[in-house]
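Enquirer: A single structure is presented below for examination.
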Amino acid sequence: MVFAIIATLIPSLGLGLLSFRQNEAQISGNVTRELRTLTSDASREIELWIDKRAHEVRVSSTSNAVIDGLSAIARPQANIRANTVTKNPQALAHYLRSVQEKLDTFRELTVVNADGQVVASSAAVAAAVTLPDEWSPNSLTEGLVITPPHWDEQYTTTTLSIAVPVLSYDNLIMGALVAVLDLRTLQPHLKSAKKSPPGEVLLLDRDGRILVSSQIDAEKLKQLDTSVLRRLQSQPGESLVFQGMTHREVIGLADVSENLPVTIVAERDRGEVYSAWVELRDMFLALVGALVIVVAAVAFQMGRSIVGPLQRLIGAADRIAGGDLEVRLTATRNDELGHLTQVFNQMADRLRHSHAEIMAANQAMQQQNQVLETLSITDSLTGLYNRSKLDAILSDELARFKRTQREFTLLMMDIDYFKTLNDTYGHITGDEILTAVARILIQSIRSIDYAARYGGDEFIIILVETSTDQALKTAERVRSQVENMRYSANDSVIAVTVSIGVVQCQSGDMTPTAVFARADSALYGAKHAGRNRAFCVS
């Protein structure tokens, strides 16, 4: 039965997937044709728009006001008609502004002489334009210079400049009329809301930045990835799937305009194109999934009585091999599989018992190791770090100082006349004094600092990231607290003081011994100065 179901399911699934694949290819072909139509229509509209704007600029360039004004400025000795109103740049600029205000696509009109110098302009700052060295012989009808479209910061829009020659009455080129066009006025012509196929049309510059879009303002769209732009330009008219500028994933193609140095890109939301196809595909896959579930249920029911118990045993064995010893199976059968399950449970019980004994022994060993580690770095009497640990700490601090120049200060101190105290009151009292001084040291330093017993009645404090002035304050605090404490022994009150030597790390300190030597010298200075004081050596 299972074989029959599978034999029926596999051919149905194969034919269904093949049908969907062919349908997808057909949809892709239709979308490609529609996008080609969009780019073709947009290219034609751009050509018409450019021709119309060029005609408007040529008409303006042949006006008497422009010709007379440029003649009066460029050739002052020429015989200009007496009634002209453009014998100075201000009058010509006024005329240009009046013309520009009547043409909504124009942002600026500028007259330049034959050398490219600005004569008059409707704008405060005229746009730059590069004129050809030689104009066409038919300059009156064919002479035209178009600069690449770009984002104009002055007008906060995408602009395009067109320059046409200005001819004198005897057909000599005197200069040119330059018009700055607002490229956003081209937006309504890129796509017809009623006649054009679905999709969006975008004009991109050579770097893939949006110039004009049929959907929204260009500045609201992101720049097309350079690699995607190169692929589109290398395969004009061929559709590609890429991360678009109007939707997350689009189908698009590109064409290059013959009239403008721009790339025309038409794209359409891929999710919208394939929405119906995806819905049918999902329904088909859901049906196949339901059939698979039915087949799996039948197979599960048939194999449950034999394969199920074996799989549970294998899974339990894998868990034990992975370290999970809390596995226990329920034996519900009286056959060979039931007996095998009971034996498995007995084996797991023995493993758990052995593992518990091993873990208890391991925990005891870890505790012993922690005690041994603490004893290896701690002075047994005072609870401070011992000399071995002190050397390691100081070596680390020296290495850190060489790497990061983080300064530290070392305090070396000993108890004044400790030998006399020991001889007078006994070693037990001496040990109590050492312990009391150690408590004061621990209470006087920060958690990042270190206190250690250097040997005998000598102690070391390492103050991390501490200057000499701060270290002297800490030393004085320690000295004062020790001096203020009183120790009773044999019905006597003992006053204890300490002498402290203070040194700061230096670039010449290569080893802990060198630092200890300087600290010992500072300690000697404190004793020589009368004891019960802190002494600093630079």
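FYI, nothing fancy with the structure tokens labels: chains A, B, ... in order, residues from 1 per chain, ligands from 1 as they appear.
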Would you give me, as JSON lines, each residue of range 187-273 of chain A having an atom within 12 Å of an atom of range 36-51 of chain A, along with its shortest atom pair and that distance in Å to one decimal, using only C-alpha atoms and sorting by chain and residue number?

Expert:
```
{"residue": "A:Gln187", "atom": "CA", "partner": "A:Ile46", "partner_atom": "CA", "distance": 9.8}
{"residue": "A:Pro188", "atom": "CA", "partner": "A:Glu45", "partner_atom": "CA", "distance": 9.9}
{"residue": "A:His189", "atom": "CA", "partner": "A:Glu45", "partner_atom": "CA", "distance": 6.1}
{"residue": "A:Leu190", "atom": "CA", "partner": "A:Ala42", "partner_atom": "CA", "distance": 4.9}
{"residue": "A:Lys191", "atom": "CA", "partner": "A:Ala42", "partner_atom": "CA", "distance": 6.6}
{"residue": "A:Ser192", "atom": "CA", "partner": "A:Asp41", "partner_atom": "CA", "distance": 9.2}
{"residue": "A:Ala193", "atom": "CA", "partner": "A:Leu38", "partner_atom": "CA", "distance": 11.6}
{"residue": "A:Lys195", "atom": "CA", "partner": "A:Leu38", "partner_atom": "CA", "distance": 10.2}
{"residue": "A:Ser196", "atom": "CA", "partner": "A:Leu38", "partner_atom": "CA", "distance": 6.7}
{"residue": "A:Pro197", "atom": "CA", "partner": "A:Leu38", "partner_atom": "CA", "distance": 6.8}
{"residue": "A:Pro198", "atom": "CA", "partner": "A:Leu38", "partner_atom": "CA", "distance": 8.5}
{"residue": "A:Gly199", "atom": "CA", "partner": "A:Leu38", "partner_atom": "CA", "distance": 7.8}
{"residue": "A:Glu200", "atom": "CA", "partner": "A:Leu38", "partner_atom": "CA", "distance": 8.1}
{"residue": "A:Val201", "atom": "CA", "partner": "A:Leu38", "partner_atom": "CA", "distance": 7.0}
{"residue": "A:Leu202", "atom": "CA", "partner": "A:Thr39", "partner_atom": "CA", "distance": 9.2}
{"residue": "A:Leu203", "atom": "CA", "partner": "A:Ala42", "partner_atom": "CA", "distance": 9.4}
{"residue": "A:Val212", "atom": "CA", "partner": "A:Ile46", "partner_atom": "CA", "distance": 11.4}
{"residue": "A:Ser213", "atom": "CA", "partner": "A:Ala42", "partner_atom": "CA", "distance": 11.0}
{"residue": "A:Ser214", "atom": "CA", "partner": "A:Ala42", "partner_atom": "CA", "distance": 9.9}
{"residue": "A:Pro236", "atom": "CA", "partner": "A:Arg36", "partner_atom": "CA", "distance": 9.4}
{"residue": "A:Gly237", "atom": "CA", "partner": "A:Arg36", "partner_atom": "CA", "distance": 6.2}
{"residue": "A:Glu238", "atom": "CA", "partner": "A:Arg36", "partner_atom": "CA", "distance": 8.5}
{"residue": "A:Ser239", "atom": "CA", "partner": "A:Arg36", "partner_atom": "CA", "distance": 8.9}
{"residue": "A:Ile251", "atom": "CA", "partner": "A:Arg36", "partner_atom": "CA", "distance": 11.7}
{"residue": "A:Gly252", "atom": "CA", "partner": "A:Arg36", "partner_atom": "CA", "distance": 9.3}
{"residue": "A:Leu253", "atom": "CA", "partner": "A:Arg36", "partner_atom": "CA", "distance": 7.4}
{"residue": "A:Ala254", "atom": "CA", "partner": "A:Thr39", "partner_atom": "CA", "distance": 7.2}
{"residue": "A:Asp255", "atom": "CA", "partner": "A:Thr39", "partner_atom": "CA", "distance": 6.5}
{"residue": "A:Val256", "atom": "CA", "partner": "A:Ser43", "partner_atom": "CA", "distance": 8.3}
{"residue": "A:Ser257", "atom": "CA", "partner": "A:Ser43", "partner_atom": "CA", "distance": 6.0}
{"residue": "A:Glu258", "atom": "CA", "partner": "A:Ser43", "partner_atom": "CA", "distance": 7.9}
{"residue": "A:Asn259", "atom": "CA", "partner": "A:Glu47", "partner_atom": "CA", "distance": 6.1}
{"residue": "A:Leu260", "atom": "CA", "partner": "A:Ile46", "partner_atom": "CA", "distance": 8.0}
{"residue": "A:Pro261", "atom": "CA", "partner": "A:Ile46", "partner_atom": "CA", "distance": 11.4}
{"residue": "A:Val262", "atom": "CA", "partner": "A:Ser43", "partner_atom": "CA", "distance": 10.2}
{"residue": "A:Thr263", "atom": "CA", "partner": "A:Thr39", "partner_atom": "CA", "distance": 9.7}
{"residue": "A:Ile264", "atom": "CA", "partner": "A:Thr39", "partner_atom": "CA", "distance": 6.3}
{"residue": "A:Val265", "atom": "CA", "partner": "A:Thr39", "partner_atom": "CA", "distance": 6.8}
{"residue": "A:Ala266", "atom": "CA", "partner": "A:Thr39", "partner_atom": "CA", "distance": 6.0}
{"residue": "A:Glu267", "atom": "CA", "partner": "A:Leu38", "partner_atom": "CA", "distance": 9.1}
{"residue": "A:Arg268", "atom": "CA", "partner": "A:Leu38", "partner_atom": "CA", "distance": 10.7}
```

Enquirer: Can you tell me which residues surround Arg209 in chain A at a distance of at most 12 Å, considering only C-alpha atoms, apart from same-chain residues fewer than 6 positions away, and format the answer as a list in words?

Expert: Pro149, His150, Trp151, Thr158, Leu202, Leu203, Ala218, Glu219, Lys220, Leu221, Lys222, Gln223, Leu224, Asp225, Thr226, Leu229, Met245, Val262, Thr263, Ile264 and Val265 of chain A

Enquirer: What residues in range 410-441 of chain A get the DSSP label strand (DSSP E)? Please answer as a list of chain:residue names.

Expert: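 Filtering range 410-441 of chain A down to strand (DSSP E) leaves A:Leu410, A:Leu411, A:Met412, A:Met413, A:Asp414, A:Ile415.
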
Enquirer: Any chance you could list, as a ChimeraX atom specification, the residues in range 175-380 of chain A that come up helix (DSSP H, G or I) when DSSP is run on the backbone?

Expert: /A:183-190,218-220,226-234,270-273,275-303,307-321,336-377

Enquirer: Would you mind listing what lies within 8 Å of range 422-437 of chain A as a CSV table (one decimal) with N, CA, C and O atoms, in the first residue's frame, with only C-alpha atoms counted and same-chain residues fewer than 4 positions away left out?

Expert:
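Below is the file selection-v1.csv, written as the result:
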```csv
chain,number,residue,atom,x,y,z
A,381,LEU,N,50.2,32.9,58.1
A,381,LEU,CA,49.9,33.6,59.4
A,381,LEU,C,49.0,34.8,59.1
A,381,LEU,O,48.0,35.0,59.8
A,382,THR,N,49.3,35.6,58.1
A,382,THR,CA,48.6,36.9,57.9
A,382,THR,C,47.4,36.8,56.9
A,382,THR,O,46.6,37.7,56.9
A,418,PHE,N,60.6,45.8,65.6
A,418,PHE,CA,59.8,44.5,65.8
A,418,PHE,C,60.7,43.5,66.5
A,418,PHE,O,60.1,42.7,67.3
A,441,LEU,N,46.1,46.6,56.6
A,441,LEU,CA,46.5,46.7,55.1
A,441,LEU,C,45.4,46.3,54.2
A,441,LEU,O,45.1,47.0,53.2
A,457,ASP,N,58.8,40.9,59.3
A,457,ASP,CA,57.8,41.9,59.6
A,457,ASP,C,57.7,42.9,58.5
A,457,ASP,O,57.2,44.0,58.7
A,482,VAL,N,47.9,52.2,62.2
A,482,VAL,CA,48.7,51.3,63.0
A,482,VAL,C,49.2,52.0,64.3
A,482,VAL,O,49.2,51.4,65.3
A,487,TYR,N,48.0,47.3,71.5
A,487,TYR,CA,48.0,45.9,71.7
A,487,TYR,C,48.4,45.6,73.1
A,487,TYR,O,49.4,46.1,73.7
A,489,ALA,N,49.6,43.0,76.1
A,489,ALA,CA,50.4,41.8,76.3
A,489,ALA,C,51.0,41.8,77.7
A,489,ALA,O,51.7,42.8,78.0
A,490,ASN,N,50.8,40.8,78.4
A,490,ASN,CA,51.4,40.7,79.8
A,490,ASN,C,51.1,41.9,80.6
A,490,ASN,O,52.0,42.5,81.2
```

Enquirer: Give the answer as one residue: which of A:Ala475, A:Ile377, A:Leu398, A:Cys505 has the shortest atom-to-atom distance to Arg453 in chain A, using only C-alpha atoms?

Expert: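 Smallest separation from Arg453 in chain A among the options: A:Ile377.
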
Enquirer: Near range 322-334 of chain A, counting only C-alpha atoms, which residues have an atom at most 9 Å away, once you skip same-chain residues fewer than 3 positions from it, shown as an mmCIF file with N, CA and C atoms, in the first residue's frame?

Expert:
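Ended up saving to result_35.cif:
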```cif
data_model
loop_
_atom_site.group_PDB
_atom_site.id
_atom_site.type_symbol
_atom_site.label_atom_id
_atom_site.label_comp_id
_atom_site.auth_asym_id
_atom_site.auth_seq_id
_atom_site.Cartn_x
_atom_site.Cartn_y
_atom_site.Cartn_z
ATOM 1 N N ARG A 312 13.786 3.738 19.996
ATOM 2 C CA ARG A 312 13.900 4.273 21.351
ATOM 3 C C ARG A 312 15.164 3.756 22.032
ATOM 4 N N LEU A 313 15.463 2.469 21.845
ATOM 5 C CA LEU A 313 16.686 1.918 22.430
ATOM 6 C C LEU A 313 17.930 2.585 21.831
ATOM 7 N N ALA A 316 18.156 6.108 23.240
ATOM 8 C CA ALA A 316 18.613 6.101 24.630
ATOM 9 C C ALA A 316 20.099 5.804 24.711
ATOM 10 N N ALA A 317 20.576 4.865 23.877
ATOM 11 C CA ALA A 317 22.010 4.557 23.872
ATOM 12 C C ALA A 317 22.818 5.767 23.416
ATOM 13 N N ASP A 318 22.330 6.493 22.419
ATOM 14 C CA ASP A 318 23.033 7.703 21.969
ATOM 15 C C ASP A 318 23.082 8.747 23.072
ATOM 16 N N ARG A 319 22.008 8.913 23.830
ATOM 17 C CA ARG A 319 21.996 9.890 24.924
ATOM 18 C C ARG A 319 22.991 9.502 26.011
ATOM 19 N N LEU A 337 11.986 -7.789 22.857
ATOM 20 C CA LEU A 337 12.255 -6.346 22.979
ATOM 21 C C LEU A 337 12.010 -5.852 24.395
ATOM 22 N N GLY A 338 10.985 -6.404 25.091
ATOM 23 C CA GLY A 338 10.751 -6.037 26.485
ATOM 24 C C GLY A 338 11.905 -6.458 27.368
ATOM 25 N N HIS A 339 12.426 -7.686 27.162
ATOM 26 C CA HIS A 339 13.573 -8.152 27.947
ATOM 27 C C HIS A 339 14.804 -7.283 27.678
ATOM 28 N N LEU A 340 15.023 -6.929 26.398
ATOM 29 C CA LEU A 340 16.154 -6.062 26.055
ATOM 30 C C LEU A 340 16.027 -4.698 26.728
ATOM 31 N N THR A 341 14.807 -4.189 26.851
ATOM 32 C CA THR A 341 14.599 -2.901 27.522
ATOM 33 C C THR A 341 14.931 -2.993 29.006
ATOM 34 N N GLN A 342 14.560 -4.098 29.667
ATOM 35 C CA GLN A 342 14.877 -4.273 31.085
ATOM 36 C C GLN A 342 16.390 -4.349 31.303
ATOM 37 N N PHE A 344 18.652 -3.062 29.428
ATOM 38 C CA PHE A 344 19.195 -1.718 29.181
ATOM 39 C C PHE A 344 19.024 -0.826 30.412
ATOM 40 N N ASN A 345 17.856 -0.896 31.076
ATOM 41 C CA ASN A 345 17.626 -0.081 32.268
ATOM 42 C C ASN A 345 18.580 -0.463 33.393
ATOM 43 N N ALA A 348 21.889 1.071 32.645
ATOM 44 C CA ALA A 348 21.875 2.514 32.913
ATOM 45 C C ALA A 348 21.942 2.805 34.401
ATOM 46 N N ASP A 349 21.282 1.987 35.257
ATOM 47 C CA ASP A 349 21.346 2.180 36.710
ATOM 48 C C ASP A 349 22.772 2.032 37.209
ATOM 49 N N LEU A 351 25.524 2.449 35.484
ATOM 50 C CA LEU A 351 26.321 3.592 35.008
ATOM 51 C C LEU A 351 26.069 4.844 35.848
ATOM 52 N N ARG A 352 24.811 5.087 36.227
ATOM 53 C CA ARG A 352 24.507 6.261 37.061
ATOM 54 C C ARG A 352 25.196 6.154 38.411
ATOM 55 N N HIS A 355 28.849 6.779 37.971
ATOM 56 C CA HIS A 355 29.097 8.187 37.657
ATOM 57 C C HIS A 355 28.967 9.059 38.900
#
```

Enquirer: Could you tell me how far CA of Ile440 in chain A sits from CA of Leu384 in chain A, in Å to one decimal place?

Expert: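 So the two atoms, CA of Leu384 in chain A and CA of Ile440 in chain A, lie 11.3 Å apart.
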